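Student: Pasting a structure here, questions to come.
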Amino acid sequence: MVTLGPLRCPLFVPADRPDRFAKAAASGADAVILDLEDAVAPEAKDRARAFLATGFSDLPVIVRINPTDTPWHRHDIEALQALRPDGMMLPKAQDRADLSALAQALPGLPVVALIETALGLAEVRRLAAMLNVVQLGFGSIDFCADLGIEHRADILRPVRLELVLASRLAGIAPPLDGVTARLNDPADLRADAAEARALGMAGKLCIHPCQIAELRQAFRPSQTELDWARRVLASGDGAVSVDGAMVDEPVRRRARAIIAAAED
């Protein structure tokens, strides 16, 4: 199994803006995603590819390439063969043959597969089981556009849960939630992060440095959760009562996971 992550708050930066690479790395993000896809205009793709680099940071550097059905995809792969970043992000992931081709072209390179289409969701359990896939990401905005549905938490909850389930079945890291596009209201970001964390997602994709600190805090256990977990783990073995509720081994596993998340 190829390893990368699990990522919690990786930050996108346009690949045609090398002046922002080091700033992104200093933002508090746990990885930098050099974006060749949505953040780069068609006429700037070649220039952006020439700017790709990894030496600006000790953080993992991931490159989001263009989808397989675009004229830029092959050139992106050639650039990654020369660069050898720490990982690659595949948008519109929906075909195992595409992931197999990437594994042949870039052996050993970890892939974060973005689920952004109806077909991607239909195939997500098979995609998550591919050997080069180490984490899933949810491209929720593109997904809603593909299906013609509203971008609302209640509507997307089953989709997020399916990504969590697919990741668990494949034995890979929990998935990353999609971006919160609104930058001027921290309450929206907190609400989105709380929804994702409650569903078992590992973190969220970030599009601006102002989101990093909030998301780092949102995906860490609260002091109340930590205090509860410590009481549970101090309760001994077998079935006992803690705070008026029964505690047994499944509850202790949850408590250990909370402690581990706090130490991450």
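For the structure tokens, the naming scheme is as follows: chains receive sequential letters (A, B, ...) according to their order of presentation, residues are indexed from 1 within each chain, and ligands are indexed from 1 in presentation order.
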Which residues in region 49-251 of chain A does DSSP call alpha helix (DSSP H)? List them as a count of residues only.
Tutor: 94
Student: Excluding Arg8 (chain A) and residues on its chain fewer than 4 positions from it, collect all residues at most 10 Å away from it, counting only C-alpha atoms, and give them as a list in words.
Tutor: Ala29, Asp30, Ala31, Pro174, Pro175, Leu176, Asp177, Met201, Ala202, Gly203, Lys204, Leu205, Cys206, Ile212, Leu215, Arg216 and Phe219 of chain A
Student: May I have the selected residues written with N, CA and C atoms, as a CSV table (one decimal), in the first residue's frame?
Tutor:
chain,number,residue,atom,x,y,z
A,29,ALA,N,-1.4,24.7,6.7
A,29,ALA,CA,-1.9,23.5,6.0
A,29,ALA,C,-1.0,22.3,6.2
A,30,ASP,N,-1.6,21.1,6.1
A,30,ASP,CA,-0.7,19.9,6.2
A,30,ASP,C,-0.2,19.4,4.9
A,31,ALA,N,-0.6,20.0,3.8
A,31,ALA,CA,-0.1,19.7,2.5
A,31,ALA,C,-0.5,20.8,1.5
A,174,PRO,N,-9.9,8.0,6.0
A,174,PRO,CA,-11.2,8.6,5.8
A,174,PRO,C,-11.1,9.7,4.8
A,175,PRO,N,-12.2,10.0,4.1
A,175,PRO,CA,-12.2,11.0,3.0
A,175,PRO,C,-12.1,12.4,3.4
A,176,LEU,N,-11.7,13.3,2.5
A,176,LEU,CA,-11.7,14.7,2.6
A,176,LEU,C,-13.0,15.3,2.1
A,177,ASP,N,-13.6,16.2,2.8
A,177,ASP,CA,-14.8,16.9,2.4
A,177,ASP,C,-14.4,17.9,1.3
A,201,MET,N,-15.5,12.0,8.3
A,201,MET,CA,-14.5,12.5,7.3
A,201,MET,C,-13.3,13.0,8.0
A,202,ALA,N,-12.1,12.9,7.3
A,202,ALA,CA,-10.9,13.2,8.0
A,202,ALA,C,-10.6,14.7,8.0
A,203,GLY,N,-11.1,15.5,7.1
A,203,GLY,CA,-10.8,16.9,7.0
A,203,GLY,C,-11.5,17.5,5.8
A,204,LYS,N,-11.1,18.7,5.4
A,204,LYS,CA,-11.7,19.4,4.3
A,204,LYS,C,-10.6,19.9,3.3
A,205,LEU,N,-10.9,20.0,2.1
A,205,LEU,CA,-10.1,20.7,1.1
A,205,LEU,C,-10.2,22.2,1.3
A,206,CYS,N,-9.1,22.9,1.3
A,206,CYS,CA,-9.1,24.4,1.6
A,206,CYS,C,-8.7,25.1,0.3
A,212,ILE,N,-7.6,27.7,7.3
A,212,ILE,CA,-6.8,26.7,7.8
A,212,ILE,C,-6.9,26.5,9.4
A,215,LEU,N,-10.3,25.2,10.4
A,215,LEU,CA,-10.5,23.7,10.1
A,215,LEU,C,-9.6,22.9,11.0
A,216,ARG,N,-8.4,23.3,11.3
A,216,ARG,CA,-7.6,22.5,12.2
A,216,ARG,C,-8.3,22.3,13.6
A,219,PHE,N,-11.6,19.9,13.4
A,219,PHE,CA,-11.4,18.5,13.3
A,219,PHE,C,-10.6,17.9,14.4
Student: Neighbours of Gln211 (chain A) within 12 Å (only C-alpha atoms; same-chain residues fewer than 2 positions away dropped), as a ChimeraX atom specification?
Tutor: /A:9-12,24,27-29,179-190,192-193,203-209,213-218
Student: Determine which residues of region 210-250 of chain A DSSP labels as strand (DSSP E or B) from the backbone of this structure, then write them out as a PyMOL selection string.
Tutor: chain A and resi 240-242+245-247
Student: I'd like to know which of A:Asp35, A:Glu116, A:Asp69, A:Glu162 is closest to Asp146 (chain A), using only C-alpha atoms.
Tutor: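 Among the listed residues, A:Glu116 lies closest to Asp146 (chain A).
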Student: With a distance cut-off of 6 Å and only C-alpha atoms, select the neighbouring residues of region 118-127 of chain A, excluding the residue or stretch itself and same-chain residues fewer than 3 positions from it, and output the selection as a ChimeraX atom specification.
Tutor: /A:93-94,96,115,130,166
Student: Just checking: using only C-alpha atoms, which residue out of A:Trp72, A:Phe143, A:Phe138, A:Trp228 ends up closest to Ala255 (chain A)?
Tutor: A:Trp228
Student: One decimal, in Å: what's the spacing between CA of Val232 (chain A) and CA of Ala245 (chain A)?
Tutor: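 Separation of CA of Val232 (chain A) and CA of Ala245 (chain A): 10.2 Å.
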Student: Can you pull out every residue within 10 Å of Ile65 (chain A), counting only C-alpha atoms, but drop anything in the same chain fewer than 5 positions away, and send it as a VMD selection string?
Tutor: chain A and resid 34 to 38 49 72 to 77 79 to 80 88 to 91
Student: What is the distance between CA of Ala129 (chain A) and CA of Arg160 (chain A), in Å to one decimal?
Tutor: 17.2 Å
Student: Can you pull out every residue within 8 Å of region 50-54 of chain A, counting only C-alpha atoms, but drop anything in the same chain fewer than 6 positions away, and send it as JSON, numbers by chain?
Tutor: {"A": [15, 16, 17, 18, 34, 61, 83, 85]}
Student: Can you tell me, as a PDB file with C-alpha atoms, in the first residue's frame, what residues are no more than 9 Å from region 105-111 of chain A when counting only C-alpha atoms, ignoring any on the same chain fewer than 4 positions away?
Tutor:
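What ended up in around05.pdb:
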ATOM      1  CA  MET A   1       0.000   0.000   0.000  1.00  0.00           C
ATOM      2  CA  VAL A   2       1.288   3.425  -0.959  1.00  0.00           C
ATOM      3  CA  THR A   3       1.074   5.885   1.925  1.00  0.00           C
ATOM      4  CA  LEU A   4       0.254   9.578   2.102  1.00  0.00           C
ATOM      5  CA  ILE A  62       0.405  17.129  -4.322  1.00  0.00           C
ATOM      6  CA  ILE A  77       1.395  13.056 -16.545  1.00  0.00           C
ATOM      7  CA  GLU A  78       4.672  13.708 -18.380  1.00  0.00           C
ATOM      8  CA  LEU A  80       4.715  14.499 -12.972  1.00  0.00           C
ATOM      9  CA  GLN A  81       7.030  11.795 -14.268  1.00  0.00           C
ATOM     10  CA  ARG A  84       7.840  13.082  -8.795  1.00  0.00           C
ATOM     11  CA  PRO A  85       5.708  14.964  -6.238  1.00  0.00           C
ATOM     12  CA  ASP A  86       4.480  13.371  -3.024  1.00  0.00           C
ATOM     13  CA  GLY A  87       1.064  12.659  -4.472  1.00  0.00           C
ATOM     14  CA  MET A  88      -1.387  13.317  -7.239  1.00  0.00           C
ATOM     15  CA  MET A  89      -5.032  14.355  -7.150  1.00  0.00           C
ATOM     16  CA  LEU A  90      -7.263  12.994  -9.912  1.00  0.00           C
ATOM     17  CA  LEU A  99      -6.366   4.725 -12.166  1.00  0.00           C
ATOM     18  CA  SER A 100      -4.661   1.630 -13.551  1.00  0.00           C
ATOM     19  CA  ALA A 101      -3.123   3.756 -16.318  1.00  0.00           C
ATOM     20  CA  LEU A 131      -3.877   0.050  -4.874  1.00  0.00           C
ATOM     21  CA  ASN A 132      -2.654   3.557  -5.748  1.00  0.00           C
ATOM     22  CA  VAL A 133      -5.629   5.317  -4.099  1.00  0.00           C
ATOM     23  CA  VAL A 134      -4.819   6.407  -0.537  1.00  0.00           C
ATOM     24  CA  GLN A 135      -7.700   8.814   0.121  1.00  0.00           C
ATOM     25  CA  LEU A 136     -10.932   9.997  -1.452  1.00  0.00           C
TER      26      LEU A 136
END
Student: Counting only C-alpha atoms, which of A:Ile259, A:Arg253, A:Leu59, A:Leu226 gets nearest to Leu7 (chain A)?
Tutor: A:Leu59
Student: Find, counting only C-alpha atoms, the residue in A:Ala257, A:Thr117, A:Ala196, A:Leu163 that gets nearest to Ile149 (chain A).
Tutor: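 Of A:Ala257, A:Thr117, A:Ala196, A:Leu163, the one nearest Ile149 (chain A) is A:Thr117, counting only C-alpha atoms.
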Student: Counting only C-alpha atoms, which of A:Ala173, A:Val159, A:Gly55, A:Gly178 gets nearest to Ser140 (chain A)?
Tutor: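 Of A:Ala173, A:Val159, A:Gly55, A:Gly178, the one nearest Ser140 (chain A) is A:Gly178, counting only C-alpha atoms.
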Student: Using only C-alpha atoms, which of the listed residues (A:Leu114, A:Val32, A:Ala97, A:Ala239) sits closest to Asn66 (chain A)?
Tutor: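 Nearest to Asn66 (chain A): A:Leu114.
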Student: What is the distance, in Å and to one decimal place, between CA of Glu249 (chain A) and CA of Leu165 (chain A)?
Tutor: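 CA of Leu165 (chain A) lies at a distance of 21.3 Å from CA of Glu249 (chain A).
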